[in-house]
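J.: For reference, the file data-v8.tsv (TSV, C-alpha atoms) is included below:
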chain	number	residue	atom	x	y	z
A	1	MET	CA	0.00	0.00	0.00
A	2	PHE	CA	1.12	3.57	-0.69
A	3	LYS	CA	2.37	5.79	2.12
A	4	LYS	CA	-0.36	8.34	2.82
A	5	PHE	CA	1.87	10.86	4.50
A	6	LYS	CA	4.32	11.02	1.61
A	7	ILE	CA	1.75	12.31	-0.89
A	8	PRO	CA	1.81	16.09	-1.47
A	9	ASP	CA	-1.18	18.05	-0.22
A	10	ALA	CA	-1.66	19.49	-3.69
A	11	THR	CA	-2.12	15.96	-5.10
A	12	ILE	CA	-4.96	15.34	-2.66
A	13	GLY	CA	-6.62	18.58	-3.77
A	14	ARG	CA	-6.28	17.55	-7.41
A	15	LEU	CA	-7.65	14.05	-6.78
A	16	SER	CA	-10.72	15.77	-5.42
A	17	LEU	CA	-11.03	17.78	-8.66
A	18	TYR	CA	-10.43	14.70	-10.84
A	19	SER	CA	-13.15	12.76	-9.03
A	20	ARG	CA	-15.66	15.56	-9.68
A	21	TYR	CA	-14.84	15.55	-13.36
A	22	LEU	CA	-15.08	11.73	-13.49
A	23	ALA	CA	-18.49	11.83	-11.80
A	24	GLU	CA	-19.70	14.29	-14.46
A	25	ALA	CA	-18.23	12.19	-17.27
A	26	ASP	CA	-19.87	9.05	-15.92
A	27	GLU	CA	-23.22	10.86	-15.63
A	28	LYS	CA	-22.95	11.93	-19.27
A	29	GLY	CA	-22.33	8.31	-20.28
A	30	ILE	CA	-18.62	8.83	-21.10
A	31	THR	CA	-17.14	5.47	-20.13
A	32	THR	CA	-13.48	6.09	-21.06
A	33	VAL	CA	-11.39	9.20	-20.44
A	34	SER	CA	-7.76	10.06	-21.18
A	35	SER	CA	-5.35	11.95	-18.94
A	36	GLN	CA	-5.73	14.76	-21.52
A	37	ASN	CA	-9.51	14.85	-20.89
A	38	ILE	CA	-9.01	14.97	-17.13
A	39	ALA	CA	-6.26	17.58	-17.47
A	40	ARG	CA	-8.31	19.87	-19.71
A	41	ALA	CA	-11.34	19.73	-17.42
A	42	THR	CA	-9.37	20.46	-14.27
A	43	GLY	CA	-6.78	22.95	-15.50
A	44	VAL	CA	-3.60	20.92	-15.02
A	45	THR	CA	-1.18	19.20	-17.44
A	46	PRO	CA	-1.72	15.58	-18.58
A	47	ALA	CA	1.71	14.73	-17.10
A	48	GLN	CA	0.54	16.02	-13.72
A	49	VAL	CA	-2.59	13.84	-13.89
A	50	ARG	CA	-0.47	10.76	-14.63
A	51	LYS	CA	2.00	11.63	-11.88
A	52	ASP	CA	-0.75	12.15	-9.30
A	53	LEU	CA	-2.38	8.83	-10.15
A	54	ALA	CA	0.95	6.99	-10.23
A	55	TYR	CA	1.30	7.50	-6.47
A	56	PHE	CA	-1.52	5.05	-6.00
A	57	GLY	CA	-0.76	2.32	-8.49
A	58	GLU	CA	-1.23	1.55	-12.16
A	59	PHE	CA	-4.35	2.78	-13.85
A	60	GLY	CA	-5.72	2.77	-17.34
A	61	THR	CA	-4.49	1.24	-20.55
A	62	ARG	CA	-1.85	2.96	-22.65
A	63	GLY	CA	-3.46	4.46	-25.77
A	64	VAL	CA	-6.97	3.77	-24.45
A	65	GLY	CA	-7.32	5.68	-21.21
A	66	TYR	CA	-9.13	5.14	-17.97
A	67	ASN	CA	-12.54	3.63	-17.28
A	68	SER	CA	-14.40	6.64	-15.82
A	69	ARG	CA	-16.40	4.82	-13.20
A	70	GLU	CA	-13.57	2.56	-12.04
A	71	LEU	CA	-11.17	5.47	-11.65
A	72	TYR	CA	-13.87	7.52	-9.91
A	73	ASN	CA	-14.55	4.73	-7.43
A	74	TYR	CA	-10.87	4.23	-6.78
A	75	ILE	CA	-10.17	7.92	-6.17
A	76	MET	CA	-13.20	8.20	-3.88
A	77	LYS	CA	-11.83	5.29	-1.88
A	78	ILE	CA	-8.40	6.96	-1.65
A	79	LEU	CA	-10.07	10.13	-0.40
A	80	GLY	CA	-12.03	8.16	2.20
A	81	LEU	CA	-15.28	9.00	0.43
A	82	ASP	CA	-16.51	5.46	-0.10
A	83	LYS	CA	-18.50	6.01	3.09
A	84	ARG	CA	-20.40	8.93	4.65
A	85	TRP	CA	-18.96	11.17	7.39
A	86	SER	CA	-20.78	12.88	10.24
A	87	VAL	CA	-19.85	16.49	10.87
A	88	ALA	CA	-20.33	18.86	13.81
A	89	ILE	CA	-20.16	22.61	13.28
A	90	ILE	CA	-19.14	24.75	16.23
A	91	GLY	CA	-20.46	28.29	16.06
A	92	ALA	CA	-23.96	29.20	14.86
A	93	GLY	CA	-22.96	32.64	13.57
A	94	ASN	CA	-23.15	33.60	9.90
A	95	LEU	CA	-20.31	31.32	8.85
A	96	GLY	CA	-21.61	28.33	10.84
A	97	ARG	CA	-25.04	28.86	9.31
A	98	ALA	CA	-23.65	29.16	5.81
A	99	LEU	CA	-21.68	25.93	6.27
A	100	THR	CA	-24.69	24.08	7.69
A	101	GLN	CA	-26.64	24.92	4.57
A	102	TYR	CA	-23.79	24.47	2.11
A	103	LYS	CA	-25.08	22.12	-0.60
A	104	GLY	CA	-21.63	20.89	-1.59
A	105	PHE	CA	-21.12	18.87	1.60
A	106	GLN	CA	-23.93	16.34	1.22
A	107	GLN	CA	-23.03	15.69	-2.42
A	108	ARG	CA	-19.61	14.47	-1.31
A	109	GLY	CA	-20.74	12.40	1.64
A	110	PHE	CA	-20.59	14.88	4.51
A	111	ASP	CA	-23.65	15.10	6.75
A	112	VAL	CA	-23.84	17.98	9.19
A	113	LYS	CA	-25.46	16.34	12.21
A	114	CYS	CA	-25.28	19.03	14.89
A	115	ILE	CA	-24.27	22.61	15.63
A	116	PHE	CA	-22.93	23.94	18.92
A	117	ASP	CA	-23.13	27.45	20.30
A	118	ASN	CA	-23.05	29.16	23.69
A	119	ASP	CA	-25.80	31.70	22.96
A	120	PRO	CA	-28.96	30.72	24.92
A	121	LYS	CA	-31.09	32.43	22.24
A	122	LYS	CA	-29.77	30.04	19.59
A	123	ILE	CA	-29.69	26.79	21.59
A	124	GLY	CA	-32.58	24.43	20.87
A	125	LYS	CA	-33.35	26.07	17.51
A	126	LYS	CA	-32.82	24.36	14.19
A	127	LEU	CA	-30.93	25.39	11.07
A	128	ALA	CA	-31.76	23.47	7.91
A	129	ASN	CA	-33.18	20.75	10.17
A	130	VAL	CA	-29.99	20.53	12.24
A	131	GLU	CA	-30.33	21.25	15.95
A	132	ILE	CA	-28.19	23.76	17.84
A	133	TYR	CA	-26.87	22.34	21.13
A	134	PRO	CA	-25.07	24.05	24.02
A	135	ILE	CA	-21.30	23.86	23.72
A	136	ASP	CA	-21.21	22.16	27.14
A	137	SER	CA	-22.91	19.11	25.67
A	138	LEU	CA	-20.30	18.70	22.92
A	139	GLU	CA	-18.58	15.59	24.28
A	140	GLU	CA	-21.86	13.82	24.99
A	141	LYS	CA	-23.44	14.67	21.60
A	142	VAL	CA	-20.30	13.80	19.61
A	143	LYS	CA	-20.48	10.31	21.10
A	144	GLU	CA	-24.25	9.98	20.81
A	145	LEU	CA	-24.32	11.10	17.15
A	146	ASP	CA	-21.07	9.33	16.25
A	147	ILE	CA	-19.44	12.49	14.87
A	148	ASN	CA	-16.19	12.06	12.91
A	149	LEU	CA	-15.26	15.60	11.91
A	150	GLY	CA	-15.48	19.04	13.51
A	151	ILE	CA	-15.64	22.44	11.82
A	152	ILE	CA	-14.63	25.43	13.94
A	153	ALA	CA	-16.59	28.55	12.94
A	154	VAL	CA	-16.26	30.61	16.12
A	155	PRO	CA	-14.43	33.94	16.59
A	156	ALA	CA	-10.62	33.70	16.79
A	157	PRO	CA	-10.30	34.11	20.60
A	158	SER	CA	-12.45	30.99	21.22
A	159	ALA	CA	-10.95	28.75	18.54
A	160	GLN	CA	-8.27	27.02	20.63
A	161	GLU	CA	-10.70	26.26	23.45
A	162	VAL	CA	-13.15	24.74	20.98
A	163	ALA	CA	-10.38	22.68	19.37
A	164	ASP	CA	-9.41	21.33	22.79
A	165	LYS	CA	-13.00	20.32	23.44
A	166	LEU	CA	-13.24	18.57	20.07
A	167	VAL	CA	-10.01	16.66	20.69
A	168	GLY	CA	-11.23	15.80	24.20
A	169	ALA	CA	-14.39	14.37	22.69
A	170	GLY	CA	-12.34	12.07	20.47
A	171	ILE	CA	-12.68	13.93	17.13
A	172	LYS	CA	-9.80	13.02	14.81
A	173	GLY	CA	-10.26	15.58	12.02
A	174	ILE	CA	-10.78	19.33	12.41
A	175	ILE	CA	-11.20	22.23	9.99
A	176	ASN	CA	-10.50	25.64	11.51
A	177	PHE	CA	-12.12	28.64	9.82
A	178	ALA	CA	-11.20	31.10	12.59
A	179	PRO	CA	-8.44	33.47	11.44
A	180	ILE	CA	-5.89	32.23	13.99
A	181	ASN	CA	-3.40	29.38	14.28
A	182	ILE	CA	-4.39	26.69	16.75
A	183	THR	CA	-2.58	23.53	17.78
A	184	VAL	CA	-3.80	20.01	18.46
A	185	ASP	CA	-2.34	16.69	19.49
A	186	GLY	CA	-0.30	15.05	16.69
A	187	SER	CA	-2.80	12.24	16.24
A	188	VAL	CA	-5.47	14.69	15.10
A	189	ILE	CA	-5.60	16.00	11.52
A	190	LEU	CA	-6.08	19.75	11.57
A	191	ARG	CA	-6.54	21.99	8.54
A	192	ARG	CA	-6.91	25.71	8.63
A	193	VAL	CA	-9.00	27.39	5.95
A	194	ASP	CA	-7.91	30.97	5.66
A	195	LEU	CA	-10.41	32.87	3.56
A	196	ALA	CA	-8.15	35.91	3.17
A	197	ALA	CA	-5.37	33.67	1.83
A	198	GLN	CA	-7.73	32.72	-1.01
A	199	LEU	CA	-7.87	36.35	-2.08
A	200	GLU	CA	-4.07	36.49	-1.91
A	201	TYR	CA	-3.81	33.98	-4.75
A	202	LEU	CA	-5.61	36.59	-6.85
A	203	THR	CA	-3.63	39.62	-5.75
A	204	TYR	CA	-0.35	37.77	-6.27
A	205	TYR	CA	-1.15	37.56	-9.98
A	206	LEU	CA	-2.85	40.93	-10.25
A	207	GLU	CA	-0.16	42.91	-8.47
A	208	GLU	CA	1.74	43.97	-11.57
A	209	THR	CA	-1.25	44.61	-13.79
B	1	MET	CA	12.24	39.90	-12.17
B	2	PHE	CA	10.91	36.44	-11.39
B	3	LYS	CA	8.27	34.83	-13.58
B	4	LYS	CA	5.00	34.95	-11.68
B	5	PHE	CA	3.30	32.20	-13.61
B	6	LYS	CA	6.10	29.69	-13.03
B	7	ILE	CA	5.73	29.69	-9.25
B	8	PRO	CA	3.70	26.77	-7.83
B	9	ASP	CA	0.34	27.63	-6.29
B	10	ALA	CA	1.41	25.91	-3.08
B	11	THR	CA	4.35	28.32	-2.76
B	12	ILE	CA	1.97	31.28	-2.88
B	13	GLY	CA	-0.12	29.69	-0.12
B	14	ARG	CA	2.99	29.17	2.00
B	15	LEU	CA	4.23	32.73	1.44
B	16	SER	CA	0.91	33.85	2.89
B	17	LEU	CA	1.55	31.67	5.97
B	18	TYR	CA	5.16	32.88	6.32
B	19	SER	CA	4.06	36.51	6.21
B	20	ARG	CA	1.59	35.91	9.04
B	21	TYR	CA	4.28	34.35	11.17
B	22	LEU	CA	6.70	37.22	10.37
B	23	ALA	CA	4.07	39.79	11.34
B	24	GLU	CA	3.66	38.02	14.71
B	25	ALA	CA	7.43	37.79	15.23
B	26	ASP	CA	7.86	41.48	14.43
B	27	GLU	CA	5.05	42.38	16.84
B	28	LYS	CA	6.78	40.40	19.58
B	29	GLY	CA	10.02	42.31	18.91
B	30	ILE	CA	11.81	39.36	17.29
B	31	THR	CA	13.99	41.10	14.71
B	32	THR	CA	15.78	38.07	13.23
B	33	VAL	CA	14.29	34.67	12.32
B	34	SER	CA	15.82	31.53	10.80
B	35	SER	CA	14.26	29.27	8.18
B	36	GLN	CA	13.92	26.77	11.07
B	37	ASN	CA	11.81	29.29	13.03
B	38	ILE	CA	9.59	29.96	10.03
B	39	ALA	CA	9.33	26.25	9.25
B	40	ARG	CA	8.37	25.26	12.78
B	41	ALA	CA	5.70	27.95	13.03
B	42	THR	CA	4.10	27.08	9.70
B	43	GLY	CA	4.42	23.29	9.64
B	44	VAL	CA	6.81	22.87	6.71
B	45	THR	CA	10.48	21.86	6.44
B	46	PRO	CA	13.29	24.47	6.60
B	47	ALA	CA	14.40	23.32	3.13
B	48	GLN	CA	10.93	24.12	1.79
B	49	VAL	CA	11.06	27.62	3.30
B	50	ARG	CA	14.42	28.27	1.64
B	51	LYS	CA	13.22	26.86	-1.68
B	52	ASP	CA	10.05	28.98	-1.65
B	53	LEU	CA	11.98	32.15	-0.91
B	54	ALA	CA	14.68	31.33	-3.48
B	55	TYR	CA	12.14	31.83	-6.28
B	56	PHE	CA	12.17	35.52	-5.50
B	57	GLY	CA	15.83	36.28	-4.93
B	58	GLU	CA	18.43	36.08	-2.19
B	59	PHE	CA	17.31	36.71	1.33
B	60	GLY	CA	18.94	36.58	4.72
B	61	THR	CA	22.50	35.97	5.82
B	62	ARG	CA	23.89	32.45	6.14
B	63	GLY	CA	24.19	31.51	9.81
B	64	VAL	CA	22.27	34.62	10.89
B	65	GLY	CA	18.84	34.39	9.34
B	66	TYR	CA	16.34	36.87	8.00
B	67	ASN	CA	15.38	40.31	9.23
B	68	SER	CA	11.72	39.75	10.21
B	69	ARG	CA	10.35	43.09	9.09
B	70	GLU	CA	12.29	43.24	5.82
B	71	LEU	CA	11.24	39.74	4.82
B	72	TYR	CA	7.65	40.48	5.85
B	73	ASN	CA	7.56	43.62	3.72
B	74	TYR	CA	9.08	41.84	0.77
B	75	ILE	CA	6.64	38.91	0.91
B	76	MET	CA	3.69	41.30	1.27
B	77	LYS	CA	4.88	43.09	-1.85
B	78	ILE	CA	5.18	39.77	-3.74
B	79	LEU	CA	1.62	38.92	-2.70
B	80	GLY	CA	0.37	42.32	-3.87
B	81	LEU	CA	-0.48	43.27	-0.30
B	82	ASP	CA	1.57	46.44	-0.11
B	83	LYS	CA	-1.68	48.22	-1.00
B	84	ARG	CA	-5.35	47.76	-0.11
B	85	TRP	CA	-7.88	46.03	-2.38
B	86	SER	CA	-11.59	46.76	-2.79
B	87	VAL	CA	-13.88	43.75	-2.83
B	88	ALA	CA	-17.47	43.18	-3.98
B	89	ILE	CA	-19.44	40.22	-2.67
B	90	ILE	CA	-22.23	38.86	-4.83
B	91	GLY	CA	-24.95	37.11	-2.89
B	92	ALA	CA	-26.30	38.33	0.45
B	93	GLY	CA	-27.24	34.86	1.71
B	94	ASN	CA	-25.59	33.25	4.73
B	95	LEU	CA	-22.24	32.79	3.05
B	96	GLY	CA	-22.17	36.33	1.62
B	97	ARG	CA	-23.04	37.69	5.04
B	98	ALA	CA	-20.39	35.62	6.77
B	99	LEU	CA	-17.78	36.82	4.27
B	100	THR	CA	-18.82	40.46	4.65
B	101	GLN	CA	-18.23	40.23	8.37
B	102	TYR	CA	-15.11	38.05	8.21
B	103	LYS	CA	-12.47	39.80	10.32
B	104	GLY	CA	-9.56	38.20	8.51
B	105	PHE	CA	-10.07	40.24	5.31
B	106	GLN	CA	-9.45	43.73	6.69
B	107	GLN	CA	-6.33	42.58	8.53
B	108	ARG	CA	-4.75	41.59	5.23
B	109	GLY	CA	-5.82	44.65	3.25
B	110	PHE	CA	-9.15	43.58	1.77
B	111	ASP	CA	-12.04	46.00	2.17
B	112	VAL	CA	-15.52	44.72	1.33
B	113	LYS	CA	-17.10	47.79	-0.26
B	114	CYS	CA	-20.44	46.49	-1.56
B	115	ILE	CA	-22.74	43.50	-1.74
B	116	PHE	CA	-25.08	42.61	-4.59
B	117	ASP	CA	-28.28	40.60	-4.47
B	118	ASN	CA	-31.48	40.28	-6.47
B	119	ASP	CA	-33.85	39.99	-3.51
B	120	PRO	CA	-35.85	43.26	-3.18
B	121	LYS	CA	-36.18	42.61	0.56
B	122	LYS	CA	-32.40	42.77	0.98
B	123	ILE	CA	-31.56	45.62	-1.42
B	124	GLY	CA	-30.87	48.93	0.29
B	125	LYS	CA	-30.13	47.29	3.65
B	126	LYS	CA	-26.69	47.25	5.22
B	127	LEU	CA	-24.55	44.42	6.55
B	128	ALA	CA	-21.68	45.46	8.82
B	129	ASN	CA	-22.01	48.96	7.34
B	130	VAL	CA	-21.78	47.65	3.76
B	131	GLU	CA	-24.75	48.41	1.51
B	132	ILE	CA	-26.59	45.77	-0.51
B	133	TYR	CA	-27.21	46.90	-4.12
B	134	PRO	CA	-29.33	45.34	-6.86
B	135	ILE	CA	-27.37	43.00	-9.10
B	136	ASP	CA	-28.42	45.13	-12.08
B	137	SER	CA	-26.29	47.99	-10.78
B	138	LEU	CA	-23.15	45.85	-10.59
B	139	GLU	CA	-21.28	47.37	-13.54
B	140	GLU	CA	-22.03	50.93	-12.44
B	141	LYS	CA	-21.11	50.37	-8.76
B	142	VAL	CA	-17.94	48.44	-9.57
B	143	LYS	CA	-16.74	51.47	-11.50
B	144	GLU	CA	-17.98	54.04	-8.99
B	145	LEU	CA	-16.39	52.25	-6.00
B	146	ASP	CA	-13.27	51.20	-7.93
B	147	ILE	CA	-13.70	47.50	-7.08
B	148	ASN	CA	-10.75	45.18	-7.86
B	149	LEU	CA	-11.96	41.76	-6.74
B	150	GLY	CA	-15.27	39.88	-6.79
B	151	ILE	CA	-16.43	37.06	-4.54
B	152	ILE	CA	-19.23	34.86	-5.86
B	153	ALA	CA	-21.44	33.58	-3.03
B	154	VAL	CA	-24.62	32.78	-4.95
B	155	PRO	CA	-26.23	29.37	-5.53
B	156	ALA	CA	-24.54	27.18	-8.16
B	157	PRO	CA	-27.08	27.75	-10.97
B	158	SER	CA	-26.45	31.53	-10.94
B	159	ALA	CA	-22.65	31.44	-10.58
B	160	GLN	CA	-21.71	31.57	-14.28
B	161	GLU	CA	-24.08	34.47	-14.97
B	162	VAL	CA	-22.62	36.42	-12.05
B	163	ALA	CA	-19.07	35.68	-13.23
B	164	ASP	CA	-19.98	37.00	-16.70
B	165	LYS	CA	-21.31	40.20	-15.14
B	166	LEU	CA	-18.15	40.65	-13.06
B	167	VAL	CA	-15.92	40.16	-16.10
B	168	GLY	CA	-18.15	42.55	-18.08
B	169	ALA	CA	-17.65	45.15	-15.37
B	170	GLY	CA	-13.88	44.87	-15.73
B	171	ILE	CA	-13.10	42.81	-12.60
B	172	LYS	CA	-9.77	40.97	-13.01
B	173	GLY	CA	-9.83	38.64	-10.00
B	174	ILE	CA	-12.69	36.39	-8.91
B	175	ILE	CA	-13.17	33.87	-6.11
B	176	ASN	CA	-16.00	31.40	-6.69
B	177	PHE	CA	-17.56	29.79	-3.60
B	178	ALA	CA	-20.46	28.22	-5.51
B	179	PRO	CA	-20.02	24.44	-5.78
B	180	ILE	CA	-19.77	24.44	-9.58
B	181	ASN	CA	-17.05	24.99	-12.17
B	182	ILE	CA	-17.34	28.26	-14.06
B	183	THR	CA	-15.18	29.69	-16.83
B	184	VAL	CA	-13.92	33.17	-17.52
B	185	ASP	CA	-11.81	34.93	-20.11
B	186	GLY	CA	-8.10	34.02	-19.86
B	187	SER	CA	-7.12	37.51	-18.73
B	188	VAL	CA	-9.12	37.12	-15.51
B	189	ILE	CA	-7.73	35.24	-12.50
B	190	LEU	CA	-10.36	32.86	-11.17
B	191	ARG	CA	-10.05	30.68	-8.08
B	192	ARG	CA	-12.65	28.26	-6.88
B	193	VAL	CA	-12.92	27.63	-3.16
B	194	ASP	CA	-14.52	24.26	-2.63
B	195	LEU	CA	-15.50	23.91	0.99
B	196	ALA	CA	-16.19	20.17	0.69
B	197	ALA	CA	-12.69	19.63	-0.73
B	198	GLN	CA	-11.32	21.03	2.53
B	199	LEU	CA	-12.99	18.20	4.42
B	200	GLU	CA	-11.53	15.72	1.94
B	201	TYR	CA	-8.01	16.56	3.11
B	202	LEU	CA	-9.11	15.26	6.49
B	203	THR	CA	-10.88	12.12	5.31
B	204	TYR	CA	-7.94	11.22	3.09
B	205	TYR	CA	-5.78	10.85	6.20
B	206	LEU	CA	-8.50	9.43	8.42
B	207	GLU	CA	-9.72	6.80	5.99
B	208	GLU	CA	-7.62	3.94	7.30
B	209	THR	CA	-7.92	4.79	10.98
Mind turning the file's structure into structure tokens?
T.:
Amino acid sequence: MFKKFKIPDATIGRLSLYSRYLAEADEKGITTVSSQNIARATGVTPAQVRKDLAYFGEFGTRGVGYNSRELYNYIMKILGLDKRWSVAIIGAGNLGRALTQYKGFQQRGFDVKCIFDNDPKKIGKKLANVEIYPIDSLEEKVKELDINLGIIAVPAPSAQEVADKLVGAGIKGIINFAPINITVDGSVILRRVDLAAQLEYLTYYLEET
Amino acid sequence: MFKKFKIPDATIGRLSLYSRYLAEADEKGITTVSSQNIARATGVTPAQVRKDLAYFGEFGTRGVGYNSRELYNYIMKILGLDKRWSVAIIGAGNLGRALTQYKGFQQRGFDVKCIFDNDPKKIGKKLANVEIYPIDSLEEKVKELDINLGIIAVPAPSAQEVADKLVGAGIKGIINFAPINITVDGSVILRRVDLAAQLEYLTYYLEET
């Protein structure tokens, strides 16, 4: 088996893109695709597509290409998306609400099962059919609802405390949207999503124009 | 001068991280940092830090390190952040609202100047002191307010139409949060932020555990 931790982060991001293209191709009845097809649809080079896939074994037939559905299924398995995941969102502010209602999660196998907040006015209410619980009940609810992943959508000063609670409740994967660096135990996978950094990819290229 | 389009995307993302660490170091009065310091704070290897910086010239003194403030200023200039940028958000739903109020933007030089929506109940109202305008006035307002960047936060079926309007209004940099691929003229920098893909970085690593 391949060594998960030796694969570049960027490859994982591209596998995600490839799988979306393959799903579309399969839906349209396109049974075979080439690395050129995948490359064109996802904005990378065919060599990059082949290199990314080569980390995980041998795919496709030279001169013929890849079977769309087979490759899709294999990539989804690599990404851990051959099963569904249960997600908790912490913070029922605007961002937490937007994430709860984000259509893209369900499509890819992520079910938001609960939201946590410390505002008594919000607790007990529902957002898109998902109940808001008090932050104090996090550990209990995470176990009861069998939550796998946590999304931190609280203001920066509370982010570390929330992360500690998630780790304490046994959560192994955390996304942090708060604009601050937090730390977790090495056995937990933590990813920070910095929304300003997304804009910086634009300004980097626009700077001279 | 270095060739902007030859630098890997991942390097740009890391420069953004380095600059945040350097800002913190400078604030704490740390005038000199090593590639080890930068690496430890941002979760990469020292060799990667040196490689990323080497794209842009020679920095630091062997055995001494980098001057925190000088390197910070230089990276900010590379990222186009030595000036402020004016941002329009399209879509005043939950995500658009969350982005309008996101504290991380202002810190890095991004000012949300206007929001656009097509819901008459929202038009004319303000969110965090930013006015919501009708989508039909986009071209006019973009010019009047000298907007540089557009953020698409509308439902997937409307995303391409909104992108076309932004390009028509002369916007050169666009972030798309809608869970759909859109296309723009080659002279426009477009970046899609896929929130589900962020979770897939977690499940990739968690899959076997």
J.: If I put a ball of radius 7 Å at (-22.5, 27.5, 3.9) in the file's coordinates, which residues poke into it when counting only C-alpha atoms, written as a PyMOL selection string?
T.: (chain A and resi 95+97-102) or (chain B and resi 94-95)
J.: May I have the residues of chain A within 7 Å of chain B, counting all atoms listed in the file, written as a ChimeraX atom specification?
T.: /A:4,12-13,16,78-80,94-95,97-98,104-105,108,173,179,189,196-197,200-205,207
J.: Kindly indicate which residue among B:Ile89, B:Val112, B:Val130, B:Val44 lies nearest to B:Tyr18, using only C-alpha atoms for the distances.
T.: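 Once distances to B:Tyr18 are computed over only C-alpha atoms, the minimum belongs to B:Val44.
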J.: Nearest residue to A:Ile123 out of A:Gly91, A:Ala159, A:Val167, A:Asp146, using only C-alpha atoms?
T.: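 Result for the nearest residue to A:Ile123: A:Gly91.
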J.: Quick one: everything within 12 Å of B:Ala54, counting only C-alpha atoms, minus sequence neighbours fewer than 6 positions away in the same chain. Send it as a PyMOL selection string.
T.: chain B and resi 2+7+11+15+35+47-48+60+75
J.: Restricting the output to C-alpha atoms, write the selected residues as a PDB file, keeping the file's coordinate frame.
T.:
ATOM      1  CA  PHE B   2      10.910  36.440 -11.390  1.00  0.00           C
ATOM      2  CA  ILE B   7       5.730  29.690  -9.250  1.00  0.00           C
ATOM      3  CA  THR B  11       4.350  28.320  -2.760  1.00  0.00           C
ATOM      4  CA  LEU B  15       4.230  32.730   1.440  1.00  0.00           C
ATOM      5  CA  SER B  35      14.260  29.270   8.180  1.00  0.00           C
ATOM      6  CA  ALA B  47      14.400  23.320   3.130  1.00  0.00           C
ATOM      7  CA  GLN B  48      10.930  24.120   1.790  1.00  0.00           C
ATOM      8  CA  GLY B  60      18.940  36.580   4.720  1.00  0.00           C
ATOM      9  CA  ILE B  75       6.640  38.910   0.910  1.00  0.00           C
TER      10      ILE B  75
END
J.: To one decimal place, how far is atom CA of A:Thr32 from atom CA of B:Ile182 in Å?
T.: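 If I compute the distance from atom CA of A:Thr32 to atom CA of B:Ile182, I get 23.6 Å.
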J.: Between atom CA of B:Ile152 and atom CA of A:Asn176, what distance in Å does the model show, to one decimal?
T.: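 Calculated distance between atom CA of B:Ile152 and atom CA of A:Asn176 is 21.5 Å.
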J.: So what do you get for atom CA of B:Thr31 versus atom CA of B:Ser68, distance-wise?
T.: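 If I compute the distance from atom CA of B:Thr31 to atom CA of B:Ser68, I get 5.2 Å.
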J.: Counting all atoms listed in the file, which of A:Ile171, A:Ala23, A:Ile132, A:Ala153 gets nearest to A:Ser86?
T.: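 Result for the nearest residue to A:Ser86: A:Ile171.
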J.: Return the single residue from B:Ile147, B:Val142, B:Val49, B:Ala92 that is closest to B:Lys121, with distances computed using only C-alpha atoms.
T.: B:Ala92
J.: Which one of A:Lys141, A:Ser34, A:Cys114, A:Tyr55 sits closest to A:Ala88 if you count all atoms listed in the file?
T.: A:Cys114
